[in-house]
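Novice: Sharing model-v4.cif, mmCIF, C-alpha atoms:
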```
data_work
loop_
_atom_site.group_PDB
_atom_site.id
_atom_site.type_symbol
_atom_site.label_atom_id
_atom_site.label_comp_id
_atom_site.auth_asym_id
_atom_site.auth_seq_id
_atom_site.Cartn_x
_atom_site.Cartn_y
_atom_site.Cartn_z
ATOM 1 C CA MET A 46 -6.822 -1.874 24.986
ATOM 2 C CA PHE A 47 -9.822 -0.181 26.624
ATOM 3 C CA LYS A 48 -9.875 2.483 23.878
ATOM 4 C CA LEU A 49 -9.867 -0.219 21.230
ATOM 5 C CA THR A 50 -12.825 -1.922 22.867
ATOM 6 C CA ILE A 51 -14.746 1.367 22.974
ATOM 7 C CA CYS A 52 -13.974 1.969 19.286
ATOM 8 C CA LEU A 53 -15.139 -1.508 18.357
ATOM 9 C CA ILE A 54 -18.369 -1.054 20.307
ATOM 10 C CA ALA A 55 -18.967 2.310 18.616
ATOM 11 C CA VAL A 56 -18.575 0.828 15.128
ATOM 12 C CA VAL A 57 -20.856 -2.076 15.946
ATOM 13 C CA LEU A 58 -23.492 0.266 17.415
ATOM 14 C CA VAL A 59 -23.388 2.481 14.328
ATOM 15 C CA ALA A 60 -23.798 -0.572 12.136
ATOM 16 C CA TYR A 61 -26.638 -1.850 14.334
ATOM 17 C CA VAL A 62 -28.518 1.461 14.281
ATOM 18 C CA GLN A 63 -28.112 1.750 10.527
ATOM 19 C CA ALA A 64 -29.206 -1.856 10.033
ATOM 20 C CA ASP A 65 -32.323 -1.216 12.094
ATOM 21 C CA ASN A 66 -33.215 1.782 9.939
ATOM 22 C CA ILE A 67 -32.397 0.179 6.592
ATOM 23 C CA ASP A 68 -33.412 -3.456 6.761
ATOM 24 C CA LYS A 69 -34.476 -5.340 9.867
ATOM 25 C CA ASP A 70 -34.182 -8.631 7.996
ATOM 26 C CA ALA A 71 -30.564 -8.113 6.905
ATOM 27 C CA THR A 72 -28.345 -11.154 7.027
ATOM 28 C CA ILE A 73 -24.612 -11.550 7.372
ATOM 29 C CA LEU A 74 -23.089 -12.377 3.989
ATOM 30 C CA SER A 75 -19.541 -12.852 5.196
ATOM 31 C CA GLU A 76 -17.793 -12.742 8.530
ATOM 32 C CA LYS A 77 -14.174 -13.175 9.529
ATOM 33 C CA ASN A 78 -12.941 -13.087 13.110
ATOM 34 C CA ASP A 79 -9.327 -13.651 14.060
ATOM 35 C CA PRO A 80 -9.224 -13.429 17.855
ATOM 36 C CA ALA A 81 -6.204 -11.920 19.565
ATOM 37 C CA ASP A 82 -3.070 -14.026 19.474
ATOM 38 C CA ALA A 83 -0.328 -14.100 22.108
ATOM 39 C CA GLU A 84 1.031 -10.744 20.870
ATOM 40 C CA GLY A 85 -2.435 -9.143 20.899
ATOM 41 C CA ASN A 86 -2.885 -9.041 17.112
ATOM 42 C CA TYR A 87 -6.495 -9.418 16.025
ATOM 43 C CA ALA A 88 -8.731 -8.747 13.031
ATOM 44 C CA TYR A 89 -12.396 -8.934 12.129
ATOM 45 C CA SER A 90 -14.617 -8.042 9.213
ATOM 46 C CA PHE A 91 -18.199 -8.521 8.104
ATOM 47 C CA ASP A 92 -20.551 -7.702 5.232
ATOM 48 C CA THR A 93 -24.343 -7.688 5.438
ATOM 49 C CA SER A 94 -27.086 -8.027 2.854
ATOM 50 C CA ASN A 95 -28.099 -4.383 3.295
ATOM 51 C CA GLY A 96 -24.668 -3.037 2.365
ATOM 52 C CA ILE A 97 -23.091 -2.537 5.773
ATOM 53 C CA GLN A 98 -19.416 -3.424 5.813
ATOM 54 C CA ALA A 99 -16.903 -3.172 8.650
ATOM 55 C CA GLN A 100 -13.364 -4.283 9.223
ATOM 56 C CA GLU A 101 -10.702 -3.703 11.848
ATOM 57 C CA ALA A 102 -7.228 -4.978 12.613
ATOM 58 C CA GLY A 103 -5.028 -4.100 15.514
ATOM 59 C CA ASN A 104 -2.817 -5.029 18.396
ATOM 60 C CA ALA A 105 -1.971 -3.739 21.854
ATOM 61 C CA ASN A 106 -0.577 -0.524 20.313
ATOM 62 C CA GLY A 107 -3.644 0.464 18.321
ATOM 63 C CA ALA A 108 -6.074 -0.373 15.586
ATOM 64 C CA THR A 109 -7.144 0.704 12.124
ATOM 65 C CA GLY A 110 -10.452 0.047 10.510
ATOM 66 C CA SER A 111 -13.324 1.180 8.399
ATOM 67 C CA ALA A 112 -17.071 0.910 8.179
ATOM 68 C CA SER A 113 -19.472 1.802 5.388
ATOM 69 C CA TRP A 114 -23.240 1.961 5.092
ATOM 70 C CA THR A 115 -25.985 3.842 3.288
ATOM 71 C CA SER A 116 -27.538 6.747 5.179
ATOM 72 C CA PRO A 117 -31.333 7.118 5.415
ATOM 73 C CA GLU A 118 -30.945 9.844 2.767
ATOM 74 C CA GLY A 119 -29.332 7.341 0.404
ATOM 75 C CA GLU A 120 -25.792 8.689 0.755
ATOM 76 C CA ASN A 121 -22.936 6.176 0.852
ATOM 77 C CA ILE A 122 -21.059 6.753 4.124
ATOM 78 C CA VAL A 123 -17.467 5.571 4.487
ATOM 79 C CA LEU A 124 -15.746 5.983 7.841
ATOM 80 C CA THR A 125 -12.090 5.100 8.313
ATOM 81 C CA TYR A 126 -10.252 5.398 11.594
ATOM 82 C CA ILE A 127 -7.067 4.921 13.516
ATOM 83 C CA ALA A 128 -7.042 4.340 17.263
ATOM 84 C CA ASP A 129 -3.629 4.584 18.879
ATOM 85 C CA GLU A 130 -1.685 6.484 21.536
ATOM 86 C CA ASN A 131 -3.081 9.706 20.001
ATOM 87 C CA GLY A 132 -6.684 8.605 20.540
ATOM 88 C CA PHE A 133 -9.508 7.808 18.131
ATOM 89 C CA GLN A 134 -8.987 9.577 14.793
ATOM 90 C CA PRO A 135 -11.929 9.143 12.416
ATOM 91 C CA SER A 136 -12.042 10.424 8.853
ATOM 92 C CA GLY A 137 -14.746 10.531 6.229
ATOM 93 C CA ALA A 138 -16.317 12.938 3.773
ATOM 94 C CA HIS A 139 -19.495 12.997 5.885
ATOM 95 C CA LEU A 140 -17.734 14.308 9.015
ATOM 96 C CA PRO A 141 -17.820 18.044 9.697
ATOM 97 C CA VAL A 142 -14.621 20.054 9.372
ATOM 98 C CA SER A 143 -13.712 23.281 11.073
ATOM 99 C CA PRO A 144 -13.706 26.445 8.994
ATOM 100 C CA PRO A 145 -10.365 27.935 7.954
ATOM 101 C CA ILE A 146 -8.618 30.239 10.432
ATOM 102 C CA PRO A 147 -9.200 33.882 9.422
ATOM 103 C CA ASP A 148 -6.159 35.736 8.029
ATOM 104 C CA ALA A 149 -6.176 38.293 10.866
ATOM 105 C CA ILE A 150 -5.941 35.507 13.449
ATOM 106 C CA LEU A 151 -3.127 33.812 11.508
ATOM 107 C CA ARG A 152 -1.185 37.092 11.370
ATOM 108 C CA ALA A 153 -1.710 37.600 15.121
ATOM 109 C CA LEU A 154 -0.441 34.086 15.857
ATOM 110 C CA GLU A 155 2.610 34.651 13.646
ATOM 111 C CA TYR A 156 3.298 37.978 15.404
ATOM 112 C CA ASN A 157 2.985 36.357 18.842
ATOM 113 C CA ALA A 158 5.359 33.568 17.808
ATOM 114 C CA ALA A 159 7.913 36.094 16.505
ATOM 115 C CA HIS A 160 7.595 38.346 19.594
ATOM 116 C CA PRO A 161 7.452 36.130 22.695
ATOM 117 C CA SER A 162 6.494 37.621 26.018
ATOM 118 C CA ASN A 163 9.285 38.572 28.467
ATOM 119 C CA GLU A 164 7.431 36.931 31.346
#
```
Will you turn the file into structure tokens for me?
Specialist:
Amino acid sequence: MFKLTICLIAVVLVAYVQADNIDKDATILSEKNDPADAEGNYAYSFDTSNGIQAQEAGNANGATGSASWTSPEGENIVLTYIADENGFQPSGAHLPVSPPIPDAILRALEYNAAHPSNE
């Protein structure tokens, strides 16, 4: 549950920072908040006048959600995420990705897997 709280705070902070940079006079257009029930299920969502949107639903086992906003450069940012026993797993076109593994390294890994050490 602690991880879920951290994730929620992170999304809200991102939305707050973006709102401060885009439109200090933004207003909430819609808001839905379903507090946790006896089983721990909860959900929330909101939309603001400056285009920020966020939503999340979850329970004691994890959460899924998304947030979107316009960057200072005018790019539409969409962040989706899952937070569960495997940790916080964000995805979005704006997030950096690692480069592909070079062929020589792949061949070395395949060789090592096929020829385990005797130790």
Novice: What would the selection look like, as a PyMOL selection string, if the PyMOL selection byres ((chain A and resi 115) around 10) were run on the coordinates I just shared?
Specialist: chain A and resi 63-64+67+95-97+113-114+116-123
Novice: Just to be explicit: take each residue in the selection above, keep C-alpha atoms, and write the result as a CSV table (one decimal), in the frame of the given file.
Specialist:
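The resulting file, selection.csv, is shown below:
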```
chain,number,residue,atom,x,y,z
A,63,GLN,CA,-28.1,1.8,10.5
A,64,ALA,CA,-29.2,-1.9,10.0
A,67,ILE,CA,-32.4,0.2,6.6
A,95,ASN,CA,-28.1,-4.4,3.3
A,96,GLY,CA,-24.7,-3.0,2.4
A,97,ILE,CA,-23.1,-2.5,5.8
A,113,SER,CA,-19.5,1.8,5.4
A,114,TRP,CA,-23.2,2.0,5.1
A,116,SER,CA,-27.5,6.7,5.2
A,117,PRO,CA,-31.3,7.1,5.4
A,118,GLU,CA,-30.9,9.8,2.8
A,119,GLY,CA,-29.3,7.3,0.4
A,120,GLU,CA,-25.8,8.7,0.8
A,121,ASN,CA,-22.9,6.2,0.9
A,122,ILE,CA,-21.1,6.8,4.1
A,123,VAL,CA,-17.5,5.6,4.5
```
Novice: Please measure the separation of CA of Ser111 (chain A) and CA of Asp79 (chain A), giving the value in Å to one decimal.
Specialist: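 For CA of Ser111 (chain A) relative to CA of Asp79 (chain A), the distance reads 16.4 Å.
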Novice: Once the PyMOL selection byres ((chain A and resi 125) around 8) has been evaluated on this model, what residues remain selected, and can you format them as a short mmCIF file (atom, residue, chain, number, x, y, z; two decimals) with C-alpha atoms, in the coordinates of the input?
Specialist:
```
data_model
loop_
_atom_site.label_atom_id
_atom_site.label_comp_id
_atom_site.auth_asym_id
_atom_site.auth_seq_id
_atom_site.Cartn_x
_atom_site.Cartn_y
_atom_site.Cartn_z
CA THR A 109 -7.14 0.70 12.12
CA GLY A 110 -10.45 0.05 10.51
CA SER A 111 -13.32 1.18 8.40
CA ALA A 112 -17.07 0.91 8.18
CA VAL A 123 -17.47 5.57 4.49
CA LEU A 124 -15.75 5.98 7.84
CA TYR A 126 -10.25 5.40 11.59
CA ILE A 127 -7.07 4.92 13.52
CA PRO A 135 -11.93 9.14 12.42
CA SER A 136 -12.04 10.42 8.85
CA GLY A 137 -14.75 10.53 6.23
#
```
Novice: Going by the chain IDs and residue numbers used in this file, which residues fall under the PyMOL selection byres ((chain A and resi 82-84) around 12)? Write them as a list in words.
Specialist: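 Evaluating the PyMOL selection byres ((chain A and resi 82-84) around 12) on these coordinates yields Asn78, Asp79, Pro80, Ala81, Gly85, Asn86, Tyr87, Ala88, Gly103, Asn104, Ala105 and Asn106 of chain A.
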Novice: Have a look at CA of Ala102 (chain A) and CA of Glu76 (chain A) and let me know their distance in Å, one decimal.
Specialist: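 About the pair CA of Ala102 (chain A) and CA of Glu76 (chain A): they are 13.7 Å apart.
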Novice: Please indicate the distance in Å from CA of Thr93 (chain A) to CA of Thr72 (chain A), rounded to one decimal place.
Specialist: 5.5 Å
